[in-house]
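Data first, discussion second: the structure below is written as C-alpha cells.
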Amino acid sequence: MALNITYQIIKKHLLSGELTPGAEIAIAIDQTLTQDATGTMAYLQLEALGVDRVQTELSVSYVDHNTLQNSFENADDHRYLQSVAARYGIYFSRPGNGICHQVHLERFGAPGKTLLGSDSHTPTAGGLGMLAFGAGGLDVAVAMAGGPYYLKVPEVVKINLTGRLAPWVGAKDIILEVLRRLTVKGGIGRVMEYAGPGVKQLSVPERATIANMGAELGATSSIFPSDEVTREFLKAQQRESAWSALEAEPGARYDEELTINLDQLEPLAACPHSPDAVRTIKAIGPVPVDQVAIGSCTNSSYHDLRLVAQILKGKVVHPRVSLVVSPGSRQVYQMLARDGILEDLIASGARILEAACGPCIGMGQAPPSGGVSVRTFNRNFPGRSGTADAKVYLTGPAAAAATALTGTLTDPRDLGDPPAQPAVAVIVDDRMIIAPPENNREVEVLRGPNIKPLPRQVPLPEQLKLPVLLKVGDNITTDHIMPAGAKVLPLRSNIPAISKYVFASIDESFPQRARESGGGVVVGGENYGQGSSREHAALAPMYLEVKVVLAKSFARIHQANLVNFGILPLTFTDPADYDRLEQGDILVIDAVHQQLKQNTLTISNVTRGWSFAAAHALSPRQVEIIRAGGLLNYTRLKS
Ligand code: MIC
Ligand code: SF4
C-alpha cells in the first residue's frame with residue numbers, strides 16, 4: 001500500500017502493534033522537549049524512573065512559560081531544571097532564549113524524526129516534516145528513559161492547498177479556515193497532512209503556524225512534506241545536514257481529503273471564546289479594541305514581526321490600544337535588533353517583552369475589565385488572558401498590526417499594497433543552550449522549597465462509591481480544570497498548593513467539596529479536557545481524589561493523562577444519561593476490576609435508583625495502568 005508521510009514515519013519507528021486506525025501502537029521517540037511549566041513534573045518523574053542518562057537521540061529542556069519571577073518559586077524551578085538537565089544528559093535552553101516550539105524548529109527539529117513534547121503545541125515541528133506529538137510529562141519522562149510512546153494509530157486527513165494566497169492573507173488565515181470548517185473537535189484521532197501546490201508557497205515558519213494550531217483542532221499531529229523550502233530553511237540555520245526529503249508516496253491512502261483554495265481566502269479572526277468561532281474580519285466589523293498582543297509559538301517568527309514593524313513604521317499606536325510584542329526566540333530578537341526593526345517597533349509605541357510565552361499564558365498583560373484583545377496567539381478560551389470577562393480575538397500578524405493603529409478590528413487589506421519581504425541572513429548563536437556534561441553522574445540536582453514530591457495514587461479499589469462533584473458542559477478546557485496565569489503557574493511543582501485552584505473559574509468550592517466527600521466523579525460533555533497537555537489537570541484532581549471522569553467524549557492528551565494518574569475516563573453510551581445525572585448523585589460501580597475486562601461497565605445511580613452503561617476506550621495495557629493506580633505504579637510493579 002502506498003503510504004502517506006505520517007504512516008511512513010510511524011512505520012520506521014514502530015515497535016509494536018498494527019498500522020490500523022484506532023489500534024494501539026508503540027513507537028520509538030527520537031527527540032523530546034519539555035518546557036518549565038510541565039517540565040518540573042516530567043523531571044521529577046524521570047528521576048523516579050531511576051535511569052542514569054536519557055536514552056533519546058536528543059532531549060531539550062526549555063524555560064519559556066514561567067518567566068515573571070514574582071517571587072522565589074519560578075527561579076527555584078529554573079535552577080532545578082538546569083541542574084536536572086545536566087544530571088540526566090539533557091540540553092538546557094536558558095530563560096530568554098525563546099519559546100520551546102520556535103527554538104526547536106530553528107535549532108533542533110529534523111524531517112522524518114519523531115518528537116514528543118510536554119506541551120500540546122509540540123506538533124509545530126510538523127512544519128519541518130517532523131512527526132511531533134504533545135503529551136503529558138510522564139509520557140515524555142518514559143520516552144526520555146528509553147521507553148516507547150503509546151498512541152492509537154491516527155486516521156490521516158489530507159489537506160490539499162491549491163491556488164495562491166491573495167495579498168495580506170497569510171498562514172494564520174489558512175489554519176483558521178481549517179478550524180472554521182472542522183471545529184475544535186475535527187482533528188480528534190487524526191493527523192492533518194498538508195499537500196498540494198499551495199505548500200511550496202509557504203515558508204517553514206508559515207507551515208509551523210499551521211501545524212501549531214492543529215492542536216486547536218484536537219489533532220494528534222499535523223505535518224508538512226520536507227522539500228526544497230525545508231532544505232533552504234535548514235541551510236539558513238546552518239543545519240542542512242539535518243535535511244532529508246519527505247513526501248507522500250504516489251497514490252497514498254488518506255481517510256479523508258479536504259481542499260482549500262487559497263485564492264478564495266480572506267483575512268479571518270477567531271471570535272471569543274473559541275479558536276473555531278471563525279469569521280472574516282470584514283463580517284465581524286470594526287470592533288473597538290483595547291489591546292493587541294503579538295507573539296506566541298503561533299506567530300512570532302522574524303517574518304511575522306518584520307511585517308508588523310513594516311505596517312507600524314513611522315506611525316503610532318492608537319490611543320485606546322496597548323500593543324505588546326514578544327519575539328519567539330532570541331535569534332528572532334537579535335535579527336530584529338540588527339535590522340533596525342526593533343527600533344521601528346519601539347518608535348511606534350509597542351511594548352516589547354522578552355522572548356517567551358508571556359501574555360499567551362496569562363503571564364502578565366491581562367486586558368482591562370470587559371476589554372477586547374486582538375492576539376496572534378492560538379487560544380482564546382475564557383479567562384486565559386488573565387481577565388475573566390475579556391474578549392479575545394485571534395488573527396494573523398498583519399491584521400493585529402493594522403488593528404493596533406486604527407483601534408478597531410481591521411482587515412489588513414485596507415492598508416494598500418503589502419510591503420516587500422527580502423530574504424536576510426539568519427543569526428545563529430547557540431550560546432544560551434547549555435550542552436550536558438559527559439560526567440553527568442557527578443551533577444548535584446538543586447531543589448527549592450516549592451518543589452514538592454509527587455503525590456502517589458492508590459491502586460483501584462474493588463468498588464467505587466462516589467458522589468458527582470461537578471457537572472460541566474461541552475468543550476471544557478484544561479484552562480477550566482487547572483488554570484494557568486501569574487498566580488497559579490508558579491505552583492506547578494507543588495501539587496498540594498495548586499490543587500486549591502482546580503475548576504476555579506467554574507466553581508471555587510470544588511476543591512473543598514472534593515476533600516470533604518473524600519473524592520468523587522466529574523461529569524463532562526463532549527471534548528472534555530481540550531487544549532493544553534498540562535498533566536496538572538489530572539494530577540491535581542487525583543490529589544483531590546477524583547476517581548472517575550464520566551464524559552460524552554475526551555480530548556486525546558487529557559484522556560491519556562487521566563489514565564497515567566489512575567483516574568478512570570468513562571464515556572456515556574447513551575448521551576441522554578448525561579442529562580439525567582445531577583451534582584450530588586451517588587454513583588456506585590461494583591466489581592470494577594472485573595467490569596473493566598469488558599468494554600462497558602454498569603453504573604448505579606443509588607440516589608435516584610437507576611442504572612446506566614458507560615464505556616471505556618482503554619487498551620488492555622491502559623486497563624492494567626488504571627488497576628495499578630497509574631503509570632508510575634504500573635512501571636514499578638513491572639520492574
Ligand atoms: C498552553 O498553551 O496552554 C501551554 C501552557 O503551553 C500548555 C502547557 C502547560 O499547561 O504548561 C500546553 O499547551 O500544553
Ligand atoms: Fe507558550 Fe502560548 Fe505556545 Fe503554550 S501556546 S507554548 S503558552 S506560546
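Chain labels A, B, ... are given in the sequence in which chains occur in the C-alpha cells; within each chain residues are numbered consecutively from 1, and ligands are likewise numbered from 1 in the order shown.
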
Chain A near ligand 1 within 10 Å: what's each residue's closest atom pair and its distance in Å to one decimal, counting only C-alpha atoms and all ligand atoms, ordered by chain then ascending residue number, as a tab-separated table?
residue	atom	partner	partner_atom_place_in_ligand_line	distance
A:Thr34	CA	ligand 1	11 (O)	9.2
A:Gln35	CA	ligand 1	11 (O)	7.2
A:Asp36	CA	ligand 1	11 (O)	7.4
A:Ala37	CA	ligand 1	11 (O)	4.4
A:Thr38	CA	ligand 1	11 (O)	4.8
A:Gly39	CA	ligand 1	11 (O)	8.2
A:Asp64	CA	ligand 1	6 (O)	9.2
A:His65	CA	ligand 1	5 (C)	6.8
A:Asn66	CA	ligand 1	11 (O)	9.1
A:Ile99	CA	ligand 1	6 (O)	9.5
A:Cys100	CA	ligand 1	6 (O)	9.3
A:His101	CA	ligand 1	6 (O)	9.7
A:Gly117	CA	ligand 1	14 (O)	8.7
A:Ser118	CA	ligand 1	14 (O)	6.4
A:Asp119	CA	ligand 1	14 (O)	3.4
A:Ser120	CA	ligand 1	14 (O)	3.7
A:His121	CA	ligand 1	13 (O)	5.5
A:Thr122	CA	ligand 1	14 (O)	8.1
A:Gly134	CA	ligand 1	14 (O)	7.0
A:Ala135	CA	ligand 1	14 (O)	7.8
A:Gly136	CA	ligand 1	14 (O)	8.1
A:Gly137	CA	ligand 1	11 (O)	9.6
A:Ala215	CA	ligand 1	13 (O)	8.2
A:Glu216	CA	ligand 1	13 (O)	9.6
A:Ser296	CA	ligand 1	2 (O)	9.0
A:Cys297	CA	ligand 1	2 (O)	8.8
A:Cys357	CA	ligand 1	6 (O)	7.8
A:Gly358	CA	ligand 1	5 (C)	10.0
A:Cys360	CA	ligand 1	2 (O)	7.1
A:Ile361	CA	ligand 1	5 (C)	5.7
A:Gly362	CA	ligand 1	5 (C)	9.2
A:Phe377	CA	ligand 1	2 (O)	9.3
A:Asn378	CA	ligand 1	2 (O)	7.9
A:Arg379	CA	ligand 1	2 (O)	7.4
A:Phe381	CA	ligand 1	3 (O)	9.8
A:Arg384	CA	ligand 1	3 (O)	8.6
A:Thr477	CA	ligand 1	3 (O)	9.4
A:Thr478	CA	ligand 1	3 (O)	7.8
A:Asp479	CA	ligand 1	3 (O)	7.1
A:Met482	CA	ligand 1	10 (O)	8.4
A:Pro483	CA	ligand 1	10 (O)	8.3
A:Ala484	CA	ligand 1	10 (O)	6.8
A:Gly485	CA	ligand 1	5 (C)	9.0
A:Leu489	CA	ligand 1	11 (O)	8.1
A:Arg492	CA	ligand 1	11 (O)	8.4
A:Gln530	CA	ligand 1	13 (O)	9.7
A:Gly531	CA	ligand 1	13 (O)	6.2
A:Ser532	CA	ligand 1	12 (C)	3.5
A:Ser533	CA	ligand 1	14 (O)	3.6
A:Arg534	CA	ligand 1	10 (O)	4.0
A:Glu535	CA	ligand 1	10 (O)	7.7
A:His536	CA	ligand 1	10 (O)	7.8
A:Ala537	CA	ligand 1	10 (O)	8.6
A:Ile557	CA	ligand 1	14 (O)	9.1
A:His558	CA	ligand 1	14 (O)	10.0

request  = Quick one: pick out all strand (DSSP E) residues within range 17-81 of chain A from a backbone DSSP run and write them as JSON, numbers by chain.
outcome  = {"A": [24, 25, 26, 27, 31, 32, 33, 34, 35, 58, 59, 60, 61, 62]}

Quick one: write out the picked residues with all heavy atoms as a compact mmCIF listing (two decimals), in the first residue's frame?
# COMPACT_ATOMS: atom_id res chain seq x y z
N GLU A 24 -3.85 0.34 19.15
CA GLU A 24 -2.77 0.93 19.95
C GLU A 24 -1.42 0.43 19.44
O GLU A 24 -1.24 -0.76 19.22
CB GLU A 24 -2.92 0.58 21.43
CG GLU A 24 -1.92 1.36 22.28
CD GLU A 24 -2.01 1.07 23.77
OE1 GLU A 24 -1.59 -0.01 24.20
OE2 GLU A 24 -2.49 1.95 24.49
N ILE A 25 -0.51 1.38 19.24
CA ILE A 25 0.85 1.00 18.82
C ILE A 25 1.85 1.63 19.78
O ILE A 25 1.52 2.58 20.51
CB ILE A 25 1.18 1.50 17.39
CG1 ILE A 25 0.84 2.99 17.23
CG2 ILE A 25 0.49 0.66 16.35
CD1 ILE A 25 1.41 3.62 15.97
N ALA A 26 3.06 1.13 19.74
CA ALA A 26 4.16 1.73 20.48
C ALA A 26 5.19 2.18 19.46
O ALA A 26 5.52 1.42 18.54
CB ALA A 26 4.77 0.72 21.43
N ILE A 27 5.67 3.41 19.58
CA ILE A 27 6.69 3.88 18.64
C ILE A 27 7.91 4.40 19.40
O ILE A 27 7.83 4.79 20.56
CB ILE A 27 6.15 4.99 17.70
CG1 ILE A 27 5.67 6.21 18.50
CG2 ILE A 27 5.06 4.49 16.79
CD1 ILE A 27 5.44 7.44 17.62
N GLN A 31 13.44 12.40 19.68
CA GLN A 31 13.75 13.63 20.42
C GLN A 31 12.62 13.93 21.41
O GLN A 31 11.46 13.59 21.15
CB GLN A 31 13.85 14.82 19.47
CG GLN A 31 14.91 14.71 18.40
CD GLN A 31 15.07 16.01 17.61
OE1 GLN A 31 14.30 16.96 17.76
NE2 GLN A 31 16.08 16.06 16.76
N THR A 32 12.97 14.58 22.51
CA THR A 32 11.92 15.08 23.40
C THR A 32 12.18 16.56 23.69
O THR A 32 13.31 17.04 23.60
CB THR A 32 11.88 14.35 24.76
OG1 THR A 32 13.09 14.61 25.46
CG2 THR A 32 11.67 12.86 24.60
N LEU A 33 11.10 17.25 24.03
CA LEU A 33 11.25 18.60 24.57
C LEU A 33 10.32 18.75 25.76
O LEU A 33 9.29 18.09 25.85
CB LEU A 33 11.00 19.68 23.51
CG LEU A 33 9.61 19.96 22.94
CD1 LEU A 33 8.75 20.78 23.90
CD2 LEU A 33 9.73 20.73 21.65
N THR A 34 10.72 19.61 26.67
CA THR A 34 9.85 19.98 27.79
C THR A 34 9.93 21.49 27.92
O THR A 34 10.88 22.11 27.44
CB THR A 34 10.32 19.37 29.12
OG1 THR A 34 11.67 19.82 29.36
CG2 THR A 34 10.27 17.86 29.12
N GLN A 35 8.93 22.06 28.55
CA GLN A 35 9.02 23.48 28.95
C GLN A 35 8.87 23.51 30.47
O GLN A 35 8.48 22.52 31.08
CB GLN A 35 7.99 24.33 28.19
CG GLN A 35 6.61 23.70 27.99
CD GLN A 35 5.64 23.96 29.12
OE1 GLN A 35 6.04 24.30 30.22
NE2 GLN A 35 4.38 23.76 28.84
N LEU A 58 18.17 13.05 21.34
CA LEU A 58 18.29 14.43 21.80
C LEU A 58 17.11 14.77 22.71
O LEU A 58 15.97 14.48 22.37
CB LEU A 58 18.26 15.38 20.59
CG LEU A 58 18.20 16.86 20.95
CD1 LEU A 58 19.59 17.44 21.07
CD2 LEU A 58 17.42 17.65 19.90
N SER A 59 17.39 15.36 23.85
CA SER A 59 16.32 15.86 24.71
C SER A 59 16.68 17.29 25.11
O SER A 59 17.83 17.57 25.46
CB SER A 59 16.17 15.00 25.96
OG SER A 59 15.61 13.74 25.60
N VAL A 60 15.68 18.18 25.03
CA VAL A 60 15.94 19.58 25.35
C VAL A 60 14.92 20.06 26.37
O VAL A 60 13.73 19.75 26.29
CB VAL A 60 15.83 20.48 24.08
CG1 VAL A 60 16.36 21.87 24.38
CG2 VAL A 60 16.55 19.88 22.90
N SER A 61 15.40 20.82 27.34
CA SER A 61 14.55 21.42 28.36
C SER A 61 14.53 22.93 28.14
O SER A 61 15.58 23.57 28.14
CB SER A 61 15.13 21.08 29.74
OG SER A 61 14.49 21.80 30.75
N TYR A 62 13.35 23.47 27.93
CA TYR A 62 13.21 24.91 27.66
C TYR A 62 12.60 25.62 28.87
O TYR A 62 11.81 25.02 29.60
CB TYR A 62 12.30 25.15 26.46
CG TYR A 62 12.86 24.64 25.16
CD1 TYR A 62 12.59 23.35 24.71
CD2 TYR A 62 13.69 25.44 24.38
CE1 TYR A 62 13.11 22.88 23.51
CE2 TYR A 62 14.22 24.97 23.18
CZ TYR A 62 13.93 23.71 22.76
OH TYR A 62 14.46 23.25 21.58

message = For the structure I just gave you, how does DSSP split range 487-537 of chain A - specifically, which residues are helix (DSSP H, G or I)? Reply as a list in words.
response =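 Filtering range 487-537 of chain A to helix (DSSP H, G or I) leaves Lys487, Val488, Leu489, Pro490, Leu491, Ile495, Pro496, Ala497, Ile498, Ser499, Lys500, Tyr501, Phe510, Pro511, Gln512, Arg513, Ala514, Arg515, Glu516, His536 and Ala537 of chain A.
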
Among the residues A:Thr571, A:Ser274, A:Thr602, A:Gln237, the one that comes closest to Leu179 in chain A [using only C-alpha atoms] = A:Ser274

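Across A:Lys113, A:Lys172, A:Arg515, A:Arg107, the tightest approach to Ile29 in chain A is made by A:Lys113 when counting only C-alpha atoms.
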
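Here CA of Leu128 in chain A stands at a distance of 9.6 Å from CA of Glu106 in chain A.
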
request  = Show which residues sit within 7 Å of Thr220 in chain A, as a list in words. Count only C-alpha atoms, and ignore same-chain residues fewer than 3 positions away.
outcome  =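 Listed by chain and then number, they are Phe133, Ile188, Gly189, Arg190 and Val191 of chain A.
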
message = Residues within 9 Å of range 71-80 of chain A, please, as a ChimeraX atom specification. Count only C-alpha atoms; anything in the same chain fewer than 4 positions from it doesn't count.
response = /A:36-37,40,63,66-67,84-85,94-95,445-451,489-491,493

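For the choices A:Gln512, A:Asn299, A:Asn261, A:Thr114, the atom-to-atom distance to ligand 2 is smallest for A:Asn299 when using only C-alpha atoms and all ligand atoms.
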
request  = Using only C-alpha atoms, pick whichever of A:Ile586, A:Ala388, A:Val374, A:Ile506 has the shortest atom-to-atom distance to Val289 in chain A.
outcome  = A:Val374

request  = Name all residues at most 12 Å from range 406-409 of chain A (count only C-alpha atoms; drop same-chain ones fewer than 3 positions away) and give them as a PyMOL selection string.
outcome  = chain A and resi 267-271+280-292+311-312+315-323+372-375+392-396+398-403+412+414-415
